[in-house]
Amino acid sequence: MSISYFPNQRADLPLRYESPVEEAISRLSEALATIPTLAHYSPRWLAIQLLEDDDGLAQQVQAAPGGEAVLHVLAEQRDHLRTHYNDAVDITLTDQRYRFVHQITQRVLTRPDAPDATLSDTIDRIVTHKYLGIPIFLALMWIVFKITADVSAPMLDWVDGVISGPLTNWVVALLSVAGLGGTWVESLAVDGVIAGVGGVLVFVPVLLALYFALALLEDSGYMARAAFVMDRLMRALGLHGKSFLPMIVGFGCNVPAIYATRTLESERDRILTGLLVPFMSCSARLPVYILLAAIFFPAYAGVAVFSMYLLGIIVAILLGVVFKHTLFRSKEQMPFILELPPYRLPTLRGIWTQMWERTASFVRKAWTIILATSLVVWLLIALPVGGQGRFADTELDQSAFATVSGVVAPIFAPLGFGSWESSGALVTGFVAKEVVISTMGQIYGLQEAEEAAAPTTFLEDVSGIATSFVSAVGDTLKSIPLIVGINLFEEEEEAEPTALMGAIEAGFEESSGGHGVLAALAFMVFVLLYTPCMVTAAATRQEFGNVWMWVSIIGQFALAWVVALLVFQGGLLLGLG
Amino acid sequence: MNSNPTIALVGNPNVGKSTIFNALTGARQHVGNWPGKTVEKKAGTLKLGTQTVTVVDLPGTYSLSAYSLEEQITRDFIVQERPALVVHVVDATNLERNLYLTAQLLDTGTPLLIVLNMLDMAHERQFTIDAIQLSQALDGVPVVEMTASKGKGFDALKRALAGVLLQLRETQQPMELSA
């Protein structure tokens, strides 16, 4: 590796155009140099851009004092060049630039006459194949999903066990030692922090697995191929393949996906893609599906969760088609040009960095906005409104939280989940979608019957954590063949429903008049589709402006309401659930 | 002149700008194998001996004619903020296409340094690039050879950066020095 370096004389410009062009450039630069308000641009550069018909810069020149005169010179010179070369001026310049580049390349590059087909090319012939491309893509998506759902399950159970068991016991024990047992401080720690933040942290293993799979897709170079393969389908949506990259990013988190729309050339494509991105189910929504699916569809939990992802994609497709024929009738179809990067073997370090960065930001979110929201919810639950309750010792349905949530609850009654509990969870879910889970944990956790667990010693707890960790690691390894459908588990271990799960089940049964399964399904659909979280909304506003943010907030709420209504009422009509 | 000089990393999408940015500044900017990863400019600092330099990672672009938002971010930064030096990262396996952006950068008149990156892959395909000829053809623009993904060439890059910044300072402020 070396540096090639010649003291730069700059006696001459390295890139000189043919003399008629240089003539026009110098005429224009002279005229531009007289305008002080444009002094921050290099006159030569500005002259070249104007000759190439850059609208934005031409407007700046026109607005500047003395600009009209320059535009006059410009028109003259453009006319002159157009007649001289008998071609559009920008094409003339581009052409001369390419000739310059080509000459240099000839001089400095030696390459084999017929380069061998690289391994990349061979793989591409298969994965971007006309007919095989889409099936291969779908198969890979299924694998991503299996990694996320199955392989992480044993670790999820382990973390859940540690947080709800020993960790909670230790906190309670510590507080008792400090003489705070049974006070509002204990309630704050257990019902506020552990139920709220802990309830979300339980899902860290799932997210690690998801981020692992997404990192593999990104680092290997497959993602660009997926965009290429999906181009035809995306065109049916009035978009093109490039819109697909932000959408895949959206499965991790919608916020970077909104920013990723910047790679699209036309504003129409950017806005349309930005409006569809929130229907890609982000990692924050996954915990909600996993919890509800485990309660209401224990035998088909995987299918139930996967169908949420599919539904999001289908809704995006349908909306795309509708928008294409209404709001976003296209004037011009942008060509789709995407460079396919060479395949690279992902490095462990690269994958780990991505997993770590994203998981760390999730955990940070848990300790900031989710903690703050949990504390507000706890406070509202602790505050009695009417009744005989005292602070931190009030009947749940007489709490401020129940009263406030009860006001919005009727909106959701036709959807089967019009209780104050689930309405409250949906309202707080605007802060971040995981908060739906933490709020439910806080509300239903309080309704759990007090389980008198057998007292354990600290050492028993520690060894319990260690042995259950070892068996979770074993189960994780055993679950890897599940990706290709091989089940190494001897029998289907139905997890014992916890008291929290029982309480949630009872809640949905009650609010739906005995159709808890349908209500839960409608609730999952609603969480998938409704108003994006506030961070996504803020990103939408920053990229596309206030109007589109409100379109997204209100439109998605209305859409979610209608679809969830169809699911619940339609299911009732068909006699399901 | 108490503000730190700024150098900007520019290049086609997915040529390794963010990898170089991370290695220079110690940042942990998300790096991925697909075009369009960086859509915003990111800044970090680099110590070159006693001098502190601000390094800016710009979104990848094929051209400076502003079509998409990310291309506009890159162009505006170069022509309006006027960094002390533009480091153009070039994919050695796609020299001709990458050099089109070089041509447009030359139009802006910005001081330029070229990083010839991904040389390992170019060699794998039996490409040979004469860096000395390239530098000469571009009238003395320094060319640094690198394989950033394997950590190769960073010492050379830092030496080149220090040298160019020193030279720029000397040529640009002769009055101040003599005063």
# chains A, B, ... in the order shown; residues from 1 in each chain; ligands from 1
$ interface_residues --of "chain B" --to "chain A" --cutoff "8 Å" --atoms "only C-alpha atoms" --output "PyMOL selection string"
chain B and resi 14+30+32-37+39+65+67-70+79-80+95-96+99-100+103+106-109+125-146+152-153+156-157+160
$ residues_around --residues "Ser63 in chain B" --least-positions-apart "3" --cutoff "10 Å" --atoms "only C-alpha atoms" --output "list in words"
Gly11, Asn12, Gly60, Ala66, Tyr67, Glu71, Gln72, Thr74, Arg75, Asn98, Tyr100, Leu101, Thr102, Ala103, Gln104 and Leu105 of chain B
$ write_last_selection --atoms "all heavy atoms" --output "compact mmCIF listing (two decimals), in the first residue's frame"
# COMPACT_ATOMS: atom_id res chain seq x y z
N GLY B 11 -17.95 9.59 -2.31
CA GLY B 11 -17.75 8.47 -3.23
C GLY B 11 -19.06 7.85 -3.63
O GLY B 11 -20.11 8.22 -3.11
N ASN B 12 -18.99 6.91 -4.55
CA ASN B 12 -20.19 6.18 -4.96
C ASN B 12 -20.73 5.41 -3.76
O ASN B 12 -20.00 5.18 -2.79
CB ASN B 12 -19.85 5.19 -6.07
CG ASN B 12 -19.59 5.88 -7.39
OD1 ASN B 12 -19.53 7.11 -7.46
ND2 ASN B 12 -19.43 5.11 -8.43
N GLY B 60 -23.43 8.37 -0.10
CA GLY B 60 -22.85 7.97 -1.38
C GLY B 60 -23.61 8.56 -2.55
O GLY B 60 -24.82 8.75 -2.49
N ALA B 66 -27.64 17.07 -8.69
CA ALA B 66 -28.48 16.67 -7.57
C ALA B 66 -29.84 16.16 -8.03
O ALA B 66 -30.68 16.93 -8.44
CB ALA B 66 -28.63 17.82 -6.61
N TYR B 67 -30.03 14.84 -7.99
CA TYR B 67 -31.35 14.28 -8.25
C TYR B 67 -32.03 13.89 -6.96
O TYR B 67 -33.09 14.37 -6.62
CB TYR B 67 -31.24 13.06 -9.17
CG TYR B 67 -30.91 13.43 -10.59
CD1 TYR B 67 -29.77 12.95 -11.19
CD2 TYR B 67 -31.76 14.27 -11.31
CE1 TYR B 67 -29.46 13.29 -12.49
CE2 TYR B 67 -31.45 14.61 -12.61
CZ TYR B 67 -30.31 14.13 -13.20
OH TYR B 67 -30.00 14.47 -14.47
N GLU B 71 -28.01 12.85 -2.70
CA GLU B 71 -27.03 13.44 -3.60
C GLU B 71 -26.93 14.94 -3.33
O GLU B 71 -25.85 15.53 -3.39
CB GLU B 71 -27.43 13.19 -5.06
CG GLU B 71 -27.19 11.77 -5.49
CD GLU B 71 -27.79 11.46 -6.86
OE1 GLU B 71 -28.49 12.32 -7.43
OE2 GLU B 71 -27.57 10.36 -7.34
N GLN B 72 -28.08 15.53 -3.04
CA GLN B 72 -28.09 16.97 -2.78
C GLN B 72 -27.33 17.30 -1.50
O GLN B 72 -26.60 18.29 -1.45
CB GLN B 72 -29.53 17.42 -2.65
CG GLN B 72 -29.75 18.79 -3.18
CD GLN B 72 -31.23 19.06 -3.33
OE1 GLN B 72 -32.03 18.14 -3.50
NE2 GLN B 72 -31.60 20.31 -3.25
N THR B 74 -24.83 15.74 -0.28
CA THR B 74 -23.41 15.64 -0.58
C THR B 74 -22.93 16.85 -1.38
O THR B 74 -21.92 17.48 -1.05
CB THR B 74 -23.14 14.34 -1.36
OG1 THR B 74 -23.55 13.24 -0.55
CG2 THR B 74 -21.69 14.20 -1.71
N ARG B 75 -23.67 17.20 -2.43
CA ARG B 75 -23.24 18.30 -3.27
C ARG B 75 -23.20 19.61 -2.50
O ARG B 75 -22.21 20.35 -2.55
CB ARG B 75 -24.20 18.45 -4.46
CG ARG B 75 -23.69 19.47 -5.43
CD ARG B 75 -24.72 19.82 -6.45
NE ARG B 75 -25.62 20.84 -5.93
CZ ARG B 75 -26.56 21.42 -6.68
NH1 ARG B 75 -26.74 21.03 -7.91
NH2 ARG B 75 -27.32 22.35 -6.17
N ASN B 98 -16.42 5.06 -11.33
CA ASN B 98 -16.13 5.89 -10.16
C ASN B 98 -15.47 7.21 -10.55
O ASN B 98 -15.69 8.24 -9.91
CB ASN B 98 -15.24 5.15 -9.18
CG ASN B 98 -16.00 4.20 -8.28
OD1 ASN B 98 -16.06 4.39 -7.08
ND2 ASN B 98 -16.61 3.17 -8.86
N TYR B 100 -16.03 9.10 -12.94
CA TYR B 100 -16.95 10.14 -13.42
C TYR B 100 -17.20 11.16 -12.30
O TYR B 100 -17.23 12.37 -12.52
CB TYR B 100 -18.27 9.54 -13.89
CG TYR B 100 -19.17 10.59 -14.48
CD1 TYR B 100 -18.94 11.08 -15.76
CD2 TYR B 100 -20.22 11.14 -13.74
CE1 TYR B 100 -19.74 12.07 -16.30
CE2 TYR B 100 -21.02 12.14 -14.28
CZ TYR B 100 -20.77 12.60 -15.56
OH TYR B 100 -21.55 13.59 -16.08
N LEU B 101 -17.36 10.63 -11.09
CA LEU B 101 -17.56 11.54 -9.95
C LEU B 101 -16.30 12.37 -9.72
O LEU B 101 -16.38 13.55 -9.38
CB LEU B 101 -17.91 10.74 -8.70
CG LEU B 101 -18.22 11.53 -7.43
CD1 LEU B 101 -19.41 12.44 -7.65
CD2 LEU B 101 -18.50 10.59 -6.27
N THR B 102 -15.13 11.75 -9.93
CA THR B 102 -13.87 12.50 -9.81
C THR B 102 -13.91 13.71 -10.75
O THR B 102 -13.55 14.83 -10.37
CB THR B 102 -12.66 11.63 -10.19
OG1 THR B 102 -12.81 10.35 -9.58
CG2 THR B 102 -11.36 12.27 -9.77
N ALA B 103 -14.36 13.46 -11.99
CA ALA B 103 -14.41 14.54 -12.97
C ALA B 103 -15.29 15.68 -12.46
O ALA B 103 -14.93 16.86 -12.57
CB ALA B 103 -14.93 14.01 -14.30
N GLN B 104 -16.43 15.33 -11.88
CA GLN B 104 -17.32 16.38 -11.38
C GLN B 104 -16.73 17.08 -10.16
O GLN B 104 -16.95 18.27 -9.96
CB GLN B 104 -18.68 15.79 -11.04
CG GLN B 104 -19.47 15.45 -12.29
CD GLN B 104 -20.91 15.16 -11.98
OE1 GLN B 104 -21.20 14.45 -11.01
NE2 GLN B 104 -21.82 15.69 -12.77
N LEU B 105 -15.98 16.31 -9.34
CA LEU B 105 -15.33 16.94 -8.20
C LEU B 105 -14.27 17.92 -8.67
O LEU B 105 -14.08 18.99 -8.06
CB LEU B 105 -14.70 15.88 -7.28
CG LEU B 105 -15.71 15.06 -6.46
CD1 LEU B 105 -15.04 13.84 -5.83
CD2 LEU B 105 -16.34 15.93 -5.38
$ residues_around --residues "range 135-138 of chain A" --least-positions-apart "6" --cutoff "10 Å" --atoms "only C-alpha atoms" --output "MDAnalysis selection string"
chainID A and resid 126:129 144 222:223 225:227 229:230
$ write_last_selection --atoms "all heavy atoms" --output "mmCIF file, in the first residue's frame"
data_model
loop_
_atom_site.group_PDB
_atom_site.id
_atom_site.type_symbol
_atom_site.label_atom_id
_atom_site.label_comp_id
_atom_site.auth_asym_id
_atom_site.auth_seq_id
_atom_site.Cartn_x
_atom_site.Cartn_y
_atom_site.Cartn_z
ATOM 1 N N ILE A 126 -28.616 -17.457 -10.095
ATOM 2 C CA ILE A 126 -29.663 -18.262 -9.447
ATOM 3 C C ILE A 126 -30.639 -17.383 -8.659
ATOM 4 O O ILE A 126 -31.841 -17.430 -8.878
ATOM 5 C CB ILE A 126 -29.034 -19.313 -8.509
ATOM 6 C CG1 ILE A 126 -28.077 -20.203 -9.323
ATOM 7 C CG2 ILE A 126 -30.112 -20.162 -7.850
ATOM 8 C CD1 ILE A 126 -27.161 -21.042 -8.474
ATOM 9 N N VAL A 127 -30.102 -16.546 -7.742
ATOM 10 C CA VAL A 127 -31.030 -15.859 -6.829
ATOM 11 C C VAL A 127 -31.799 -14.718 -7.501
ATOM 12 O O VAL A 127 -32.810 -14.279 -6.981
ATOM 13 C CB VAL A 127 -30.345 -15.326 -5.551
ATOM 14 C CG1 VAL A 127 -29.710 -16.444 -4.769
ATOM 15 C CG2 VAL A 127 -29.362 -14.240 -5.859
ATOM 16 N N THR A 128 -31.315 -14.220 -8.638
ATOM 17 C CA THR A 128 -32.104 -13.194 -9.320
ATOM 18 C C THR A 128 -32.793 -13.786 -10.555
ATOM 19 O O THR A 128 -33.208 -13.070 -11.446
ATOM 20 C CB THR A 128 -31.241 -12.001 -9.757
ATOM 21 O OG1 THR A 128 -30.257 -12.465 -10.677
ATOM 22 C CG2 THR A 128 -30.552 -11.346 -8.589
ATOM 23 N N HIS A 129 -32.908 -15.102 -10.584
ATOM 24 C CA HIS A 129 -33.549 -15.794 -11.700
ATOM 25 C C HIS A 129 -35.006 -15.348 -11.843
ATOM 26 O O HIS A 129 -35.674 -15.050 -10.854
ATOM 27 C CB HIS A 129 -33.481 -17.302 -11.448
ATOM 28 C CG HIS A 129 -33.956 -18.130 -12.602
ATOM 29 N ND1 HIS A 129 -35.263 -18.508 -12.738
ATOM 30 C CD2 HIS A 129 -33.292 -18.629 -13.673
ATOM 31 C CE1 HIS A 129 -35.389 -19.214 -13.849
ATOM 32 N NE2 HIS A 129 -34.202 -19.305 -14.435
ATOM 33 N N VAL A 144 -35.543 -16.333 8.249
ATOM 34 C CA VAL A 144 -35.346 -15.209 9.172
ATOM 35 C C VAL A 144 -36.367 -15.280 10.299
ATOM 36 O O VAL A 144 -36.050 -15.160 11.481
ATOM 37 C CB VAL A 144 -35.516 -13.863 8.436
ATOM 38 C CG1 VAL A 144 -35.644 -12.718 9.430
ATOM 39 C CG2 VAL A 144 -34.347 -13.624 7.502
ATOM 40 N N TYR A 222 -27.121 -9.721 0.050
ATOM 41 C CA TYR A 222 -28.348 -10.257 -0.535
ATOM 42 C C TYR A 222 -29.451 -9.196 -0.642
ATOM 43 O O TYR A 222 -30.279 -9.241 -1.554
ATOM 44 C CB TYR A 222 -28.870 -11.463 0.257
ATOM 45 C CG TYR A 222 -30.167 -11.993 -0.322
ATOM 46 C CD1 TYR A 222 -30.169 -12.709 -1.507
ATOM 47 C CD2 TYR A 222 -31.398 -11.701 0.265
ATOM 48 C CE1 TYR A 222 -31.336 -13.139 -2.096
ATOM 49 C CE2 TYR A 222 -32.581 -12.129 -0.317
ATOM 50 C CZ TYR A 222 -32.540 -12.851 -1.497
ATOM 51 O OH TYR A 222 -33.710 -13.259 -2.071
ATOM 52 N N MET A 223 -29.437 -8.235 0.286
ATOM 53 C CA MET A 223 -30.548 -7.290 0.329
ATOM 54 C C MET A 223 -30.743 -6.551 -0.980
ATOM 55 O O MET A 223 -31.864 -6.317 -1.416
ATOM 56 C CB MET A 223 -30.364 -6.304 1.459
ATOM 57 C CG MET A 223 -31.530 -6.399 2.387
ATOM 58 S SD MET A 223 -31.254 -5.619 3.925
ATOM 59 C CE MET A 223 -31.249 -3.946 3.457
ATOM 60 N N ARG A 225 -30.067 -7.690 -3.862
ATOM 61 C CA ARG A 225 -30.684 -8.632 -4.800
ATOM 62 C C ARG A 225 -32.185 -8.721 -4.555
ATOM 63 O O ARG A 225 -32.967 -8.817 -5.495
ATOM 64 C CB ARG A 225 -30.093 -10.032 -4.631
ATOM 65 C CG ARG A 225 -28.852 -10.299 -5.440
ATOM 66 C CD ARG A 225 -27.680 -9.652 -4.812
ATOM 67 N NE ARG A 225 -26.465 -9.775 -5.626
ATOM 68 C CZ ARG A 225 -25.318 -9.273 -5.234
ATOM 69 N NH1 ARG A 225 -25.232 -8.623 -4.072
ATOM 70 N NH2 ARG A 225 -24.274 -9.379 -5.990
ATOM 71 N N ALA A 226 -32.548 -8.744 -3.280
ATOM 72 C CA ALA A 226 -33.965 -8.829 -2.949
ATOM 73 C C ALA A 226 -34.713 -7.649 -3.574
ATOM 74 O O ALA A 226 -35.793 -7.813 -4.133
ATOM 75 C CB ALA A 226 -34.150 -8.848 -1.429
ATOM 76 N N ALA A 227 -34.096 -6.467 -3.499
ATOM 77 C CA ALA A 227 -34.730 -5.291 -4.092
ATOM 78 C C ALA A 227 -34.902 -5.481 -5.593
ATOM 79 O O ALA A 227 -35.931 -5.138 -6.171
ATOM 80 C CB ALA A 227 -33.888 -4.050 -3.811
ATOM 81 N N VAL A 229 -35.106 -8.378 -7.234
ATOM 82 C CA VAL A 229 -36.108 -9.407 -7.483
ATOM 83 C C VAL A 229 -37.522 -8.846 -7.293
ATOM 84 O O VAL A 229 -38.447 -9.177 -8.028
ATOM 85 C CB VAL A 229 -35.872 -10.597 -6.518
ATOM 86 C CG1 VAL A 229 -37.065 -11.524 -6.502
ATOM 87 C CG2 VAL A 229 -34.617 -11.349 -6.917
ATOM 88 N N MET A 230 -37.664 -7.964 -6.295
ATOM 89 C CA MET A 230 -38.988 -7.454 -5.963
ATOM 90 C C MET A 230 -39.417 -6.295 -6.854
ATOM 91 O O MET A 230 -40.535 -5.808 -6.735
ATOM 92 C CB MET A 230 -39.023 -7.001 -4.503
ATOM 93 C CG MET A 230 -38.804 -8.117 -3.507
ATOM 94 S SD MET A 230 -40.032 -9.406 -3.646
ATOM 95 C CE MET A 230 -41.357 -8.669 -2.714
#
$ closest_residue --among "B:Val53, B:Leu165, B:Leu9, B:Leu48" --to "Val86 in chain B" --atoms "only C-alpha atoms"
B:Leu9
$ select_by_dssp --residues "range 8-178 of chain B" --states "alpha helix (DSSP H)" --output "PyMOL selection string"
chain B and resi 17-25+69-76+95-108+119-124+131-137+154-172+174-178
$ write_last_selection --atoms "C-alpha atoms" --output "mmCIF file, in the first residue's frame"
data_model
loop_
_atom_site.group_PDB
_atom_site.id
_atom_site.type_symbol
_atom_site.label_atom_id
_atom_site.label_comp_id
_atom_site.auth_asym_id
_atom_site.auth_seq_id
_atom_site.Cartn_x
_atom_site.Cartn_y
_atom_site.Cartn_z
ATOM 1 C CA LYS B 17 -16.675 5.359 3.073
ATOM 2 C CA SER B 18 -18.270 4.460 6.385
ATOM 3 C CA THR B 19 -15.649 1.786 7.060
ATOM 4 C CA ILE B 20 -12.909 4.364 6.541
ATOM 5 C CA PHE B 21 -14.833 6.934 8.574
ATOM 6 C CA ASN B 22 -15.186 4.514 11.489
ATOM 7 C CA ALA B 23 -11.510 3.567 11.400
ATOM 8 C CA LEU B 24 -10.377 7.196 11.290
ATOM 9 C CA THR B 25 -12.673 8.586 13.954
ATOM 10 C CA LEU B 69 -32.011 14.055 -1.537
ATOM 11 C CA GLU B 70 -28.845 12.233 -0.473
ATOM 12 C CA GLU B 71 -27.032 13.442 -3.602
ATOM 13 C CA GLN B 72 -28.091 16.969 -2.777
ATOM 14 C CA ILE B 73 -26.792 16.673 0.788
ATOM 15 C CA THR B 74 -23.410 15.637 -0.578
ATOM 16 C CA ARG B 75 -23.238 18.300 -3.274
ATOM 17 C CA ASP B 76 -24.338 21.145 -1.013
ATOM 18 C CA LEU B 95 -12.571 2.462 -11.819
ATOM 19 C CA GLU B 96 -14.123 4.026 -14.897
ATOM 20 C CA ARG B 97 -17.564 4.508 -13.405
ATOM 21 C CA ASN B 98 -16.128 5.892 -10.162
ATOM 22 C CA LEU B 99 -13.905 8.364 -11.976
ATOM 23 C CA TYR B 100 -16.945 10.142 -13.419
ATOM 24 C CA LEU B 101 -17.557 11.537 -9.951
ATOM 25 C CA THR B 102 -13.871 12.499 -9.813
ATOM 26 C CA ALA B 103 -14.413 14.542 -12.973
ATOM 27 C CA GLN B 104 -17.319 16.379 -11.379
ATOM 28 C CA LEU B 105 -15.332 16.937 -8.197
ATOM 29 C CA LEU B 106 -12.578 18.507 -10.298
ATOM 30 C CA ASP B 107 -15.196 20.924 -11.651
ATOM 31 C CA THR B 108 -15.887 22.170 -8.140
ATOM 32 C CA LEU B 119 -7.620 -3.284 -3.985
ATOM 33 C CA ASP B 120 -7.789 -6.864 -2.714
ATOM 34 C CA MET B 121 -10.824 -7.535 -4.850
ATOM 35 C CA ALA B 122 -9.283 -5.773 -7.823
ATOM 36 C CA HIS B 123 -6.215 -7.972 -7.535
ATOM 37 C CA GLU B 124 -8.392 -11.047 -7.219
ATOM 38 C CA ALA B 131 -1.560 4.728 -9.077
ATOM 39 C CA ILE B 132 1.359 6.896 -10.146
ATOM 40 C CA GLN B 133 -0.062 7.326 -13.637
ATOM 41 C CA LEU B 134 -3.460 8.086 -12.151
ATOM 42 C CA SER B 135 -2.052 10.795 -9.931
ATOM 43 C CA GLN B 136 -0.188 12.276 -12.876
ATOM 44 C CA ALA B 137 -3.227 12.177 -15.138
ATOM 45 C CA PHE B 154 -4.705 3.555 7.043
ATOM 46 C CA ASP B 155 -1.184 4.634 8.002
ATOM 47 C CA ALA B 156 -0.537 5.756 4.443
ATOM 48 C CA LEU B 157 -3.866 7.582 4.399
ATOM 49 C CA LYS B 158 -3.122 9.438 7.620
ATOM 50 C CA ARG B 159 0.321 10.419 6.414
ATOM 51 C CA ALA B 160 -1.140 11.658 3.144
ATOM 52 C CA LEU B 161 -3.854 13.619 4.947
ATOM 53 C CA ALA B 162 -1.325 15.282 7.232
ATOM 54 C CA GLY B 163 0.901 16.126 4.270
ATOM 55 C CA VAL B 164 -1.869 17.576 2.124
ATOM 56 C CA LEU B 165 -3.351 19.621 4.958
ATOM 57 C CA LEU B 166 0.083 21.051 5.732
ATOM 58 C CA GLN B 167 0.644 21.918 2.103
ATOM 59 C CA LEU B 168 -2.797 23.532 1.820
ATOM 60 C CA ARG B 169 -2.138 25.638 4.880
ATOM 61 C CA GLU B 170 1.145 26.848 3.486
ATOM 62 C CA THR B 171 -0.232 27.738 0.078
ATOM 63 C CA GLN B 172 -3.355 29.373 1.391
ATOM 64 C CA PRO B 174 1.381 32.897 3.014
ATOM 65 C CA MET B 175 0.550 36.398 4.270
ATOM 66 C CA GLU B 176 -0.325 35.260 7.745
ATOM 67 C CA LEU B 177 2.873 33.271 8.029
ATOM 68 C CA SER B 178 5.105 36.158 7.072
#
$ residues_around --residues "Glu509 in chain A" --least-positions-apart "5" --cutoff "10 Å" --atoms "only C-alpha atoms" --output "list in words"
Gly416, Phe417, Ala503, Ile504, Gly514, His515, Gly516, Val517, Leu518, Ala519 and Ala520 of chain A
$ write_last_selection --atoms "N, CA and C atoms" --output "CSV table (one decimal), in the first residue's frame"
chain,number,residue,atom,x,y,z
A,416,GLY,N,-64.1,-5.5,20.0
A,416,GLY,CA,-64.0,-6.6,21.0
A,416,GLY,C,-63.0,-6.4,22.1
A,417,PHE,N,-62.4,-5.2,22.1
A,417,PHE,CA,-61.5,-5.0,23.2
A,417,PHE,C,-61.7,-3.6,23.8
A,503,ALA,N,-54.6,-13.7,33.4
A,503,ALA,CA,-55.3,-12.5,33.6
A,503,ALA,C,-55.7,-11.8,32.3
A,504,ILE,N,-54.7,-11.8,31.4
A,504,ILE,CA,-54.9,-11.2,30.1
A,504,ILE,C,-56.0,-11.9,29.3
A,514,GLY,N,-67.1,-13.2,25.7
A,514,GLY,CA,-66.8,-14.6,25.5
A,514,GLY,C,-66.2,-15.0,24.2
A,515,HIS,N,-65.7,-14.0,23.4
A,515,HIS,CA,-65.0,-14.3,22.1
A,515,HIS,C,-63.6,-13.8,22.2
A,516,GLY,N,-62.9,-14.2,23.3
A,516,GLY,CA,-61.6,-13.7,23.6
A,516,GLY,C,-60.6,-13.9,22.4
A,517,VAL,N,-60.7,-15.1,21.8
A,517,VAL,CA,-59.7,-15.4,20.7
A,517,VAL,C,-59.8,-14.4,19.6
A,518,LEU,N,-61.1,-14.1,19.1
A,518,LEU,CA,-61.3,-13.2,18.1
A,518,LEU,C,-60.9,-11.8,18.5
A,519,ALA,N,-61.2,-11.4,19.7
A,519,ALA,CA,-60.8,-10.1,20.2
A,519,ALA,C,-59.3,-9.9,20.2
A,520,ALA,N,-58.6,-11.0,20.7
A,520,ALA,CA,-57.1,-10.9,20.7
A,520,ALA,C,-56.6,-10.8,19.3
$ atom_distance --atom1 "CA of Ala33 in chain A" --atom2 "CA of Leu64 in chain B"
21.9 Å
$ closest_residue --among "A:Gly441, A:Ile317, A:Ile369, A:Phe401" --to "Pro384 in chain A" --atoms "only C-alpha atoms"
A:Phe401
$ residues_around --residues "range 534-547 of chain A" --least-positions-apart "2" --cutoff "10 Å" --atoms "only C-alpha atoms" --output "MDAnalysis selection string"
chainID A and resid 253:259 261:262 267 270:271 274:275 277:278 429:433 531:532 549:553
$ residues_around --residues "Ala173 in chain A" --least-positions-apart "4" --cutoff "12 Å" --atoms "only C-alpha atoms" --output "PyMOL selection string"
chain A and resi 166-169+177-182+186+189-190+455-458
$ atom_distance --atom1 "CA of Ala8 in chain B" --atom2 "CA of Asn94 in chain B"
21.2 Å
$ atom_distance --atom1 "CA of Val376 in chain A" --atom2 "CA of Asp191 in chain A"
11.7 Å
$ select_by_dssp --residues "range 2-172 of chain B" --states "strand (DSSP E)" --output "PyMOL selection string"
chain B and resi 6-11+42-48+51-57+85-91+112-117+128-129+143-145
